[in-house]
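**Student:** My file is data19.pdb. It has PDB, N, CA, C and O atoms:
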```pdb
ATOM      1  N   ALA C 932     150.328  -1.845  90.411
ATOM      2  CA  ALA C 932     150.456  -2.417  91.749
ATOM      3  C   ALA C 932     150.959  -1.353  92.705
ATOM      4  O   ALA C 932     151.859  -0.593  92.372
ATOM      5  N   ARG C 933     150.336  -1.324  93.889
ATOM      6  CA  ARG C 933     150.762  -0.361  94.905
ATOM      7  C   ARG C 933     151.986  -0.881  95.633
ATOM      8  O   ARG C 933     152.091  -2.079  95.877
ATOM      9  N   PRO C 934     152.911   0.001  96.009
ATOM     10  CA  PRO C 934     154.080  -0.451  96.772
ATOM     11  C   PRO C 934     153.662  -0.911  98.168
ATOM     12  O   PRO C 934     152.702  -0.399  98.728
ATOM     13  N   VAL C 935     154.372  -1.882  98.697
ATOM     14  CA  VAL C 935     154.102  -2.377 100.044
ATOM     15  C   VAL C 935     154.573  -1.327 101.031
ATOM     16  O   VAL C 935     155.670  -0.793 100.895
ATOM     17  N   GLN C 936     153.724  -1.027 102.010
ATOM     18  CA  GLN C 936     154.115  -0.044 103.013
ATOM     19  C   GLN C 936     155.173  -0.639 103.933
ATOM     20  O   GLN C 936     154.979  -1.693 104.505
ATOM     21  N   ARG C 937     156.269   0.048 104.075
ATOM     22  CA  ARG C 937     157.355  -0.443 104.925
ATOM     23  C   ARG C 937     156.961  -0.471 106.389
ATOM     24  O   ARG C 937     157.405  -1.307 107.132
ATOM     25  N   ASP C 938     156.102   0.462 106.829
ATOM     26  CA  ASP C 938     155.753   0.502 108.241
ATOM     27  C   ASP C 938     154.819  -0.638 108.635
ATOM     28  O   ASP C 938     154.466  -0.772 109.799
ATOM     29  N   ALA C 939     154.453  -1.493 107.688
ATOM     30  CA  ALA C 939     153.664  -2.679 108.026
ATOM     31  C   ALA C 939     154.537  -3.691 108.771
ATOM     32  O   ALA C 939     154.039  -4.549 109.473
ATOM     33  N   VAL C 940     155.863  -3.567 108.613
ATOM     34  CA  VAL C 940     156.801  -4.443 109.315
ATOM     35  C   VAL C 940     157.305  -3.700 110.540
ATOM     36  O   VAL C 940     157.795  -2.589 110.422
ATOM     37  N   PRO C 941     157.152  -4.298 111.727
ATOM     38  CA  PRO C 941     157.633  -3.615 112.931
ATOM     39  C   PRO C 941     159.124  -3.299 112.813
ATOM     40  O   PRO C 941     159.912  -4.148 112.434
ATOM     41  N   ALA C 942     159.462  -2.068 113.099
ATOM     42  CA  ALA C 942     160.857  -1.648 113.015
ATOM     43  C   ALA C 942     161.547  -1.905 114.343
ATOM     44  O   ALA C 942     160.932  -1.822 115.390
ATOM     45  N   GLY C 943     162.791  -2.212 114.268
ATOM     46  CA  GLY C 943     163.567  -2.419 115.484
ATOM     47  C   GLY C 943     165.017  -2.525 115.095
ATOM     48  O   GLY C 943     165.338  -2.726 113.930
ATOM     49  N   PRO C 944     165.905  -2.426 116.066
ATOM     50  CA  PRO C 944     167.323  -2.465 115.727
ATOM     51  C   PRO C 944     167.752  -3.777 115.092
ATOM     52  O   PRO C 944     168.664  -3.820 114.294
ATOM     53  N   ASP C 945     167.057  -4.868 115.424
ATOM     54  CA  ASP C 945     167.436  -6.168 114.881
ATOM     55  C   ASP C 945     166.745  -6.471 113.564
ATOM     56  O   ASP C 945     167.198  -7.300 112.809
ATOM     57  N   GLY C 946     165.637  -5.839 113.287
ATOM     58  CA  GLY C 946     164.843  -6.146 112.111
ATOM     59  C   GLY C 946     165.617  -6.129 110.813
ATOM     60  O   GLY C 946     165.717  -7.132 110.136
ATOM     61  N   PRO C 947     166.180  -4.984 110.430
ATOM     62  CA  PRO C 947     166.878  -4.930 109.148
ATOM     63  C   PRO C 947     168.035  -5.917 109.037
ATOM     64  O   PRO C 947     168.201  -6.541 108.011
ATOM     65  N   ALA C 948     168.832  -6.097 110.091
ATOM     66  CA  ALA C 948     169.990  -6.993 110.024
ATOM     67  C   ALA C 948     169.560  -8.446 109.843
ATOM     68  O   ALA C 948     170.106  -9.161 109.019
ATOM     69  N   VAL C 949     168.564  -8.869 110.600
ATOM     70  CA  VAL C 949     168.105 -10.254 110.527
ATOM     71  C   VAL C 949     167.470 -10.529 109.165
ATOM     72  O   VAL C 949     167.622 -11.612 108.614
ATOM     73  N   LEU C 950     166.754  -9.555 108.652
ATOM     74  CA  LEU C 950     165.964  -9.780 107.442
ATOM     75  C   LEU C 950     166.626  -9.231 106.180
ATOM     76  O   LEU C 950     165.988  -9.122 105.144
ATOM     77  N   ASP C 951     167.902  -8.905 106.254
ATOM     78  CA  ASP C 951     168.632  -8.428 105.075
ATOM     79  C   ASP C 951     168.505  -9.427 103.930
ATOM     80  O   ASP C 951     168.563 -10.627 104.147
ATOM     81  N   GLY C 952     168.342  -8.920 102.739
ATOM     82  CA  GLY C 952     168.319  -9.787 101.574
ATOM     83  C   GLY C 952     166.965 -10.389 101.267
ATOM     84  O   GLY C 952     166.828 -11.124 100.295
ATOM     85  N   LEU C 953     165.961 -10.103 102.095
ATOM     86  CA  LEU C 953     164.625 -10.639 101.838
ATOM     87  C   LEU C 953     163.786  -9.606 101.097
ATOM     88  O   LEU C 953     163.957  -8.406 101.283
ATOM     89  N   ALA C 954     162.870 -10.095 100.274
ATOM     90  CA  ALA C 954     161.927  -9.225  99.580
ATOM     91  C   ALA C 954     160.927  -8.674 100.598
ATOM     92  O   ALA C 954     160.823  -9.178 101.718
ATOM     93  N   ALA C 955     160.197  -7.654 100.219
ATOM     94  CA  ALA C 955     159.261  -6.989 101.138
ATOM     95  C   ALA C 955     158.272  -7.971 101.771
ATOM     96  O   ALA C 955     158.087  -7.976 102.993
ATOM     97  N   MET C 956     157.653  -8.814 100.965
ATOM     98  CA  MET C 956     156.683  -9.781 101.496
ATOM     99  C   MET C 956     157.371 -10.769 102.432
ATOM    100  O   MET C 956     156.832 -11.131 103.482
ATOM    101  N   GLU C 957     158.567 -11.197 102.068
ATOM    102  CA  GLU C 957     159.316 -12.137 102.906
ATOM    103  C   GLU C 957     159.648 -11.507 104.259
ATOM    104  O   GLU C 957     159.544 -12.146 105.297
ATOM    105  N   ARG C 958     160.030 -10.225 104.231
ATOM    106  CA  ARG C 958     160.324  -9.508 105.486
ATOM    107  C   ARG C 958     159.080  -9.424 106.353
ATOM    108  O   ARG C 958     159.146  -9.617 107.566
ATOM    109  N   GLN C 959     157.941  -9.116 105.745
ATOM    110  CA  GLN C 959     156.695  -9.007 106.504
ATOM    111  C   GLN C 959     156.331 -10.332 107.151
ATOM    112  O   GLN C 959     155.996 -10.380 108.335
ATOM    113  N   VAL C 960     156.394 -11.406 106.375
ATOM    114  CA  VAL C 960     156.041 -12.731 106.897
ATOM    115  C   VAL C 960     157.004 -13.129 108.012
ATOM    116  O   VAL C 960     156.571 -13.566 109.086
ATOM    117  N   ALA C 961     158.304 -12.961 107.784
ATOM    118  CA  ALA C 961     159.294 -13.331 108.800
ATOM    119  C   ALA C 961     159.096 -12.519 110.073
ATOM    120  O   ALA C 961     159.179 -13.049 111.188
ATOM    121  N   SER C 962     158.798 -11.244 109.922
ATOM    122  CA  SER C 962     158.584 -10.377 111.076
ATOM    123  C   SER C 962     157.374 -10.833 111.887
ATOM    124  O   SER C 962     157.415 -10.863 113.123
ATOM    125  N   LEU C 963     156.305 -11.214 111.208
ATOM    126  CA  LEU C 963     155.104 -11.687 111.908
ATOM    127  C   LEU C 963     155.356 -13.030 112.581
ATOM    128  O   LEU C 963     154.838 -13.292 113.670
ATOM    129  N   VAL C 964     156.173 -13.878 111.959
ATOM    130  CA  VAL C 964     156.556 -15.147 112.602
ATOM    131  C   VAL C 964     157.304 -14.841 113.898
ATOM    132  O   VAL C 964     157.072 -15.468 114.928
ATOM    133  N   MET C 965     158.191 -13.848 113.850
ATOM    134  CA  MET C 965     158.950 -13.463 115.041
ATOM    135  C   MET C 965     158.027 -13.001 116.163
ATOM    136  O   MET C 965     158.347 -13.150 117.339
ATOM    137  N   GLU C 966     156.884 -12.428 115.787
ATOM    138  CA  GLU C 966     155.904 -11.983 116.783
ATOM    139  C   GLU C 966     155.074 -13.141 117.319
ATOM    140  O   GLU C 966     154.289 -12.964 118.237
ATOM    141  N   GLY C 967     155.212 -14.314 116.701
ATOM    142  CA  GLY C 967     154.468 -15.477 117.159
ATOM    143  C   GLY C 967     153.171 -15.746 116.414
ATOM    144  O   GLY C 967     152.373 -16.583 116.838
ATOM    145  N   ALA C 968     152.955 -15.068 115.295
ATOM    146  CA  ALA C 968     151.727 -15.262 114.517
ATOM    147  C   ALA C 968     151.752 -16.599 113.779
ATOM    148  O   ALA C 968     152.805 -17.049 113.333
ATOM    149  N   THR C 969     150.589 -17.222 113.681
ATOM    150  CA  THR C 969     150.464 -18.461 112.917
ATOM    151  C   THR C 969     150.364 -18.123 111.428
ATOM    152  O   THR C 969     150.128 -16.964 111.057
ATOM    153  N   ASN C 970     150.523 -19.138 110.575
ATOM    154  CA  ASN C 970     150.394 -18.903 109.130
ATOM    155  C   ASN C 970     149.018 -18.339 108.797
ATOM    156  O   ASN C 970     148.893 -17.442 107.965
ATOM    157  N   ARG C 971     147.990 -18.841 109.450
ATOM    158  CA  ARG C 971     146.627 -18.359 109.197
ATOM    159  C   ARG C 971     146.493 -16.894 109.601
ATOM    160  O   ARG C 971     145.878 -16.095 108.884
ATOM    161  N   GLU C 972     147.065 -16.533 110.753
ATOM    162  CA  GLU C 972     147.005 -15.139 111.213
ATOM    163  C   GLU C 972     147.784 -14.222 110.273
ATOM    164  O   GLU C 972     147.336 -13.118 109.958
ATOM    165  N   ILE C 973     148.938 -14.706 109.813
ATOM    166  CA  ILE C 973     149.754 -13.919 108.876
ATOM    167  C   ILE C 973     148.974 -13.698 107.580
ATOM    168  O   ILE C 973     148.921 -12.581 107.055
ATOM    169  N   ALA C 974     148.356 -14.751 107.081
ATOM    170  CA  ALA C 974     147.575 -14.646 105.840
ATOM    171  C   ALA C 974     146.468 -13.606 105.988
ATOM    172  O   ALA C 974     146.260 -12.776 105.092
ATOM    173  N   ALA C 975     145.771 -13.635 107.114
ATOM    174  CA  ALA C 975     144.680 -12.681 107.345
ATOM    175  C   ALA C 975     145.208 -11.245 107.428
ATOM    176  O   ALA C 975     144.613 -10.332 106.848
ATOM    177  N   ARG C 976     146.317 -11.054 108.110
ATOM    178  CA  ARG C 976     146.859  -9.702 108.282
ATOM    179  C   ARG C 976     147.408  -9.125 106.989
ATOM    180  O   ARG C 976     147.353  -7.915 106.770
ATOM    181  N   LEU C 977     147.948  -9.984 106.123
ATOM    182  CA  LEU C 977     148.552  -9.507 104.876
ATOM    183  C   LEU C 977     147.620  -9.642 103.673
ATOM    184  O   LEU C 977     148.002  -9.312 102.555
ATOM    185  N   PHE C 978     146.400 -10.147 103.925
ATOM    186  CA  PHE C 978     145.408 -10.310 102.858
ATOM    187  C   PHE C 978     145.905 -11.202 101.731
ATOM    188  O   PHE C 978     145.776 -10.883 100.552
ATOM    189  N   VAL C 979     146.528 -12.326 102.116
ATOM    190  CA  VAL C 979     146.971 -13.327 101.149
ATOM    191  C   VAL C 979     146.476 -14.695 101.633
ATOM    192  O   VAL C 979     145.941 -14.811 102.732
ATOM    193  N   SER C 980     146.675 -15.722 100.819
ATOM    194  CA  SER C 980     146.252 -17.063 101.215
ATOM    195  C   SER C 980     147.292 -17.714 102.122
ATOM    196  O   SER C 980     148.456 -17.317 102.150
ATOM    197  N   VAL C 981     146.850 -18.730 102.855
ATOM    198  CA  VAL C 981     147.772 -19.489 103.704
ATOM    199  C   VAL C 981     148.849 -20.120 102.828
ATOM    200  O   VAL C 981     150.020 -20.180 103.216
ATOM    201  N   LYS C 982     148.475 -20.584 101.627
ATOM    202  CA  LYS C 982     149.452 -21.180 100.705
ATOM    203  C   LYS C 982     150.533 -20.171 100.325
ATOM    204  O   LYS C 982     151.703 -20.534 100.197
ATOM    205  N   THR C 983     150.151 -18.913 100.143
ATOM    206  CA  THR C 983     151.123 -17.872  99.829
ATOM    207  C   THR C 983     152.088 -17.682 100.992
ATOM    208  O   THR C 983     153.299 -17.541 100.796
ATOM    209  N   VAL C 984     151.552 -17.691 102.215
ATOM    210  CA  VAL C 984     152.405 -17.562 103.408
ATOM    211  C   VAL C 984     153.376 -18.738 103.466
ATOM    212  O   VAL C 984     154.577 -18.551 103.704
ATOM    213  N   GLU C 985     152.884 -19.954 103.221
ATOM    214  CA  GLU C 985     153.740 -21.145 103.267
ATOM    215  C   GLU C 985     154.856 -21.060 102.230
ATOM    216  O   GLU C 985     156.022 -21.357 102.530
ATOM    217  N   ALA C 986     154.507 -20.643 101.013
ATOM    218  CA  ALA C 986     155.507 -20.536  99.950
ATOM    219  C   ALA C 986     156.531 -19.452 100.282
ATOM    220  O   ALA C 986     157.732 -19.623 100.043
ATOM    221  N   THR C 987     156.057 -18.353 100.844
ATOM    222  CA  THR C 987     156.945 -17.259 101.226
ATOM    223  C   THR C 987     157.900 -17.717 102.326
ATOM    224  O   THR C 987     159.101 -17.440 102.277
ATOM    225  N   LEU C 988     157.378 -18.445 103.312
ATOM    226  CA  LEU C 988     158.227 -18.959 104.395
ATOM    227  C   LEU C 988     159.290 -19.910 103.852
ATOM    228  O   LEU C 988     160.434 -19.878 104.311
ATOM    229  N   THR C 989     158.925 -20.721 102.879
ATOM    230  CA  THR C 989     159.896 -21.637 102.272
ATOM    231  C   THR C 989     161.055 -20.851 101.671
ATOM    232  O   THR C 989     162.224 -21.208 101.847
ATOM    233  N   ARG C 990     160.738 -19.735 100.989
ATOM    234  CA  ARG C 990     161.798 -18.889 100.414
ATOM    235  C   ARG C 990     162.629 -18.240 101.523
ATOM    236  O   ARG C 990     163.852 -18.146 101.403
ATOM    237  N   VAL C 991     161.980 -17.808 102.596
ATOM    238  CA  VAL C 991     162.692 -17.193 103.718
ATOM    239  C   VAL C 991     163.672 -18.199 104.319
ATOM    240  O   VAL C 991     164.834 -17.879 104.565
ATOM    241  N   TYR C 992     163.195 -19.425 104.545
ATOM    242  CA  TYR C 992     164.070 -20.465 105.111
ATOM    243  C   TYR C 992     165.295 -20.669 104.235
ATOM    244  O   TYR C 992     166.417 -20.747 104.719
ATOM    245  N   ARG C 993     165.058 -20.772 102.924
ATOM    246  CA  ARG C 993     166.160 -21.023 101.995
ATOM    247  C   ARG C 993     167.154 -19.856 102.014
ATOM    248  O   ARG C 993     168.362 -20.061 102.097
ATOM    249  N   LYS C 994     166.653 -18.630 101.964
ATOM    250  CA  LYS C 994     167.527 -17.464 101.919
ATOM    251  C   LYS C 994     168.318 -17.282 103.210
ATOM    252  O   LYS C 994     169.460 -16.829 103.180
ATOM    253  N   LEU C 995     167.702 -17.615 104.345
ATOM    254  CA  LEU C 995     168.375 -17.430 105.637
ATOM    255  C   LEU C 995     169.164 -18.666 106.059
ATOM    256  O   LEU C 995     169.825 -18.652 107.091
ATOM    257  N   GLY C 996     169.044 -19.743 105.281
ATOM    258  CA  GLY C 996     169.771 -20.962 105.607
ATOM    259  C   GLY C 996     169.248 -21.650 106.861
ATOM    260  O   GLY C 996     170.017 -22.203 107.641
ATOM    261  N   ILE C 997     167.932 -21.600 107.042
ATOM    262  CA  ILE C 997     167.304 -22.216 108.215
ATOM    263  C   ILE C 997     166.237 -23.199 107.762
ATOM    264  O   ILE C 997     165.958 -23.304 106.568
ATOM    265  N   ARG C 998     165.623 -23.912 108.736
ATOM    266  CA  ARG C 998     164.670 -24.958 108.376
ATOM    267  C   ARG C 998     163.265 -24.783 108.920
ATOM    268  O   ARG C 998     162.357 -25.480 108.501
ATOM    269  N   SER C 999     163.078 -23.896 109.899
ATOM    270  CA  SER C 999     161.750 -23.796 110.501
ATOM    271  C   SER C 999     161.485 -22.406 111.062
ATOM    272  O   SER C 999     162.404 -21.597 111.207
ATOM    273  N   ARG C1000     160.231 -22.165 111.435
ATOM    274  CA  ARG C1000     159.849 -20.883 112.017
ATOM    275  C   ARG C1000     160.525 -20.695 113.371
ATOM    276  O   ARG C1000     160.815 -19.576 113.768
ATOM    277  N   VAL C1001     160.807 -21.776 114.069
ATOM    278  CA  VAL C1001     161.520 -21.683 115.347
ATOM    279  C   VAL C1001     162.903 -21.085 115.097
ATOM    280  O   VAL C1001     163.388 -20.255 115.877
ATOM    281  N   ASP C1002     163.542 -21.478 113.989
ATOM    282  CA  ASP C1002     164.865 -20.953 113.650
ATOM    283  C   ASP C1002     164.818 -19.449 113.355
ATOM    284  O   ASP C1002     165.778 -18.734 113.639
ATOM    285  N   ILE C1003     163.705 -18.967 112.797
ATOM    286  CA  ILE C1003     163.565 -17.524 112.548
ATOM    287  C   ILE C1003     163.607 -16.788 113.884
ATOM    288  O   ILE C1003     164.299 -15.789 114.039
ATOM    289  N   VAL C1004     162.873 -17.303 114.864
ATOM    290  CA  VAL C1004     162.836 -16.670 116.185
ATOM    291  C   VAL C1004     164.205 -16.744 116.847
ATOM    292  O   VAL C1004     164.680 -15.769 117.435
ATOM    293  N   ARG C1005     164.862 -17.898 116.725
ATOM    294  CA  ARG C1005     166.204 -18.047 117.311
ATOM    295  C   ARG C1005     167.187 -17.083 116.657
ATOM    296  O   ARG C1005     168.024 -16.486 117.337
ATOM    297  N   LEU C1006     167.090 -16.942 115.349
ATOM    298  CA  LEU C1006     167.967 -16.031 114.626
ATOM    299  C   LEU C1006     167.758 -14.614 115.119
ATOM    300  O   LEU C1006     168.721 -13.886 115.387
ATOM    301  N   ALA C1007     166.513 -14.211 115.269
ATOM    302  CA  ALA C1007     166.200 -12.858 115.749
ATOM    303  C   ALA C1007     166.714 -12.674 117.171
ATOM    304  O   ALA C1007     167.297 -11.641 117.498
ATOM    305  N   ALA C1008     166.533 -13.662 118.019
ATOM    306  CA  ALA C1008     166.992 -13.570 119.412
ATOM    307  C   ALA C1008     168.512 -13.490 119.473
ATOM    308  O   ALA C1008     169.055 -12.725 120.262
ATOM    309  N   GLY C1009     169.170 -14.237 118.614
ATOM    310  CA  GLY C1009     170.630 -14.200 118.569
ATOM    311  C   GLY C1009     171.151 -12.836 118.157
ATOM    312  O   GLY C1009     172.105 -12.327 118.725
ATOM    313  N   ARG C1010     170.502 -12.216 117.182
ATOM    314  CA  ARG C1010     170.921 -10.899 116.731
ATOM    315  C   ARG C1010     170.674  -9.860 117.821
ATOM    316  O   ARG C1010     171.429  -8.939 117.999
ATOM    317  N   ARG C1011     169.532 -10.003 118.529
ATOM    318  CA  ARG C1011     169.169  -9.046 119.557
ATOM    319  C   ARG C1011     170.153  -9.077 120.724
ATOM    320  O   ARG C1011     170.435  -8.081 121.343
ATOM    321  N   ALA C1012     170.696 -10.277 121.002
ATOM    322  CA  ALA C1012     171.568 -10.447 122.162
ATOM    323  C   ALA C1012     172.933  -9.791 121.952
ATOM    324  O   ALA C1012     173.649  -9.533 122.905
ATOM    325  N   LYS C1013     173.305  -9.534 120.712
ATOM    326  CA  LYS C1013     174.640  -8.969 120.429
ATOM    327  C   LYS C1013     174.734  -7.518 120.858
ATOM    328  O   LYS C1013     173.827  -6.777 120.826
TER     329      LYS C1013
END
```
Here is the file; what I need is its structure written in the form of structure tokens.

**Tutor:**
Amino acid sequence: ARPVQRDAVPAGPDGPAVLDGLAAMERQVASLVMEGATNREIAARLFVSVKTVEATLTRVYRKLGIRSRVDIVRLAAGRRAK
């Protein structure tokens, strides 16, 4: 298996802090959600199924202690404001 390219996730001062503790795929999915991408768009960009994106988002929600994609954006905005 090839390693996931880190530069596939947009870098920014808030990125690493918000997404700490997430696996590479989880970071990529969460980052694309922050950009406003739909699950279908995320699946196409990462070459995975929509079901994989949904399952990954479920893990992201659990790890970050949130319930929805809106909360991911709010979390990122909160970190950025500091």

**Student:** Report the distance between atom O of Arg971 of chain C and atom N of Val984 of chain C in Å, rounded to one decimal place.

**Tutor:**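 Spanning atom O of Arg971 of chain C to atom N of Val984 of chain C is a straight-line distance of 8.9 Å.
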
**Student:** Leaving out segment 988-998 of chain C and any residue of its chain fewer than 3 positions from it, which residues lie within 7 Å of it when counting all atoms listed in the file, given as a list in words?

**Tutor:**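 Counting all atoms listed in the file, the residues come to Val949, Asp951, Gly952, Glu957, Val960, Ala961, Lys982, Thr983, Val984, Glu985, Val1001, Asp1002 and Ile1003 of chain C.
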
**Student:** Just give me the gap between atom C of Gly1009 of chain C and atom O of Ala948 of chain C in Å, one decimal is fine.

**Tutor:**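 Atom-to-atom, atom C of Gly1009 of chain C and atom O of Ala948 of chain C are spaced 9.9 Å apart.
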
**Student:** Counting all atoms listed in the file, I want the residues whose atoms come within 6 Å of (150.0, -17.7, 107.4) in the file frame, returned as a PyMOL selection string.

**Tutor:** chain C and resi 969-975+980-981+984-985

**Student:** Would you export the selected residues with N, CA, C and O atoms as a PDB file, keeping the file's coordinate frame, please?

**Tutor:**
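Contents of out-v6.pdb, freshly written:
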```pdb
ATOM      1  N   THR C 969     150.589 -17.222 113.681  1.00  0.00           N
ATOM      2  CA  THR C 969     150.464 -18.461 112.917  1.00  0.00           C
ATOM      3  C   THR C 969     150.364 -18.123 111.428  1.00  0.00           C
ATOM      4  O   THR C 969     150.128 -16.964 111.057  1.00  0.00           O
ATOM      5  N   ASN C 970     150.523 -19.138 110.575  1.00  0.00           N
ATOM      6  CA  ASN C 970     150.394 -18.903 109.130  1.00  0.00           C
ATOM      7  C   ASN C 970     149.018 -18.339 108.797  1.00  0.00           C
ATOM      8  O   ASN C 970     148.893 -17.442 107.965  1.00  0.00           O
ATOM      9  N   ARG C 971     147.990 -18.841 109.450  1.00  0.00           N
ATOM     10  CA  ARG C 971     146.627 -18.359 109.197  1.00  0.00           C
ATOM     11  C   ARG C 971     146.493 -16.894 109.601  1.00  0.00           C
ATOM     12  O   ARG C 971     145.878 -16.095 108.884  1.00  0.00           O
ATOM     13  N   GLU C 972     147.065 -16.533 110.753  1.00  0.00           N
ATOM     14  CA  GLU C 972     147.005 -15.139 111.213  1.00  0.00           C
ATOM     15  C   GLU C 972     147.784 -14.222 110.273  1.00  0.00           C
ATOM     16  O   GLU C 972     147.336 -13.118 109.958  1.00  0.00           O
ATOM     17  N   ILE C 973     148.938 -14.706 109.813  1.00  0.00           N
ATOM     18  CA  ILE C 973     149.754 -13.919 108.876  1.00  0.00           C
ATOM     19  C   ILE C 973     148.974 -13.698 107.580  1.00  0.00           C
ATOM     20  O   ILE C 973     148.921 -12.581 107.055  1.00  0.00           O
ATOM     21  N   ALA C 974     148.356 -14.751 107.081  1.00  0.00           N
ATOM     22  CA  ALA C 974     147.575 -14.646 105.840  1.00  0.00           C
ATOM     23  C   ALA C 974     146.468 -13.606 105.988  1.00  0.00           C
ATOM     24  O   ALA C 974     146.260 -12.776 105.092  1.00  0.00           O
ATOM     25  N   ALA C 975     145.771 -13.635 107.114  1.00  0.00           N
ATOM     26  CA  ALA C 975     144.680 -12.681 107.345  1.00  0.00           C
ATOM     27  C   ALA C 975     145.208 -11.245 107.428  1.00  0.00           C
ATOM     28  O   ALA C 975     144.613 -10.332 106.848  1.00  0.00           O
ATOM     29  N   SER C 980     146.675 -15.722 100.819  1.00  0.00           N
ATOM     30  CA  SER C 980     146.252 -17.063 101.215  1.00  0.00           C
ATOM     31  C   SER C 980     147.292 -17.714 102.122  1.00  0.00           C
ATOM     32  O   SER C 980     148.456 -17.317 102.150  1.00  0.00           O
ATOM     33  N   VAL C 981     146.850 -18.730 102.855  1.00  0.00           N
ATOM     34  CA  VAL C 981     147.772 -19.489 103.704  1.00  0.00           C
ATOM     35  C   VAL C 981     148.849 -20.120 102.828  1.00  0.00           C
ATOM     36  O   VAL C 981     150.020 -20.180 103.216  1.00  0.00           O
ATOM     37  N   VAL C 984     151.552 -17.691 102.215  1.00  0.00           N
ATOM     38  CA  VAL C 984     152.405 -17.562 103.408  1.00  0.00           C
ATOM     39  C   VAL C 984     153.376 -18.738 103.466  1.00  0.00           C
ATOM     40  O   VAL C 984     154.577 -18.551 103.704  1.00  0.00           O
ATOM     41  N   GLU C 985     152.884 -19.954 103.221  1.00  0.00           N
ATOM     42  CA  GLU C 985     153.740 -21.145 103.267  1.00  0.00           C
ATOM     43  C   GLU C 985     154.856 -21.060 102.230  1.00  0.00           C
ATOM     44  O   GLU C 985     156.022 -21.357 102.530  1.00  0.00           O
TER      45      GLU C 985
END
```

**Student:** Mind pulling up the distance from atom CA of Gly967 of chain C to atom CA of Ser999 of chain C?

**Tutor:**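 For atom CA of Ser999 of chain C relative to atom CA of Gly967 of chain C, the distance reads 12.9 Å.
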
**Student:** With 4 Å of padding per side, what axis-aligned box (centre and edge lengths, Å, one decimal) covers all the listed atoms of segment 993-998 of chain C? Give it as lines of an AutoDock Vina configuration file.

**Tutor:**
```
center_x = 166.2
center_y = -21.2
center_z = 105.4
size_x = 15.7
size_y = 16.7
size_z = 15.0
```
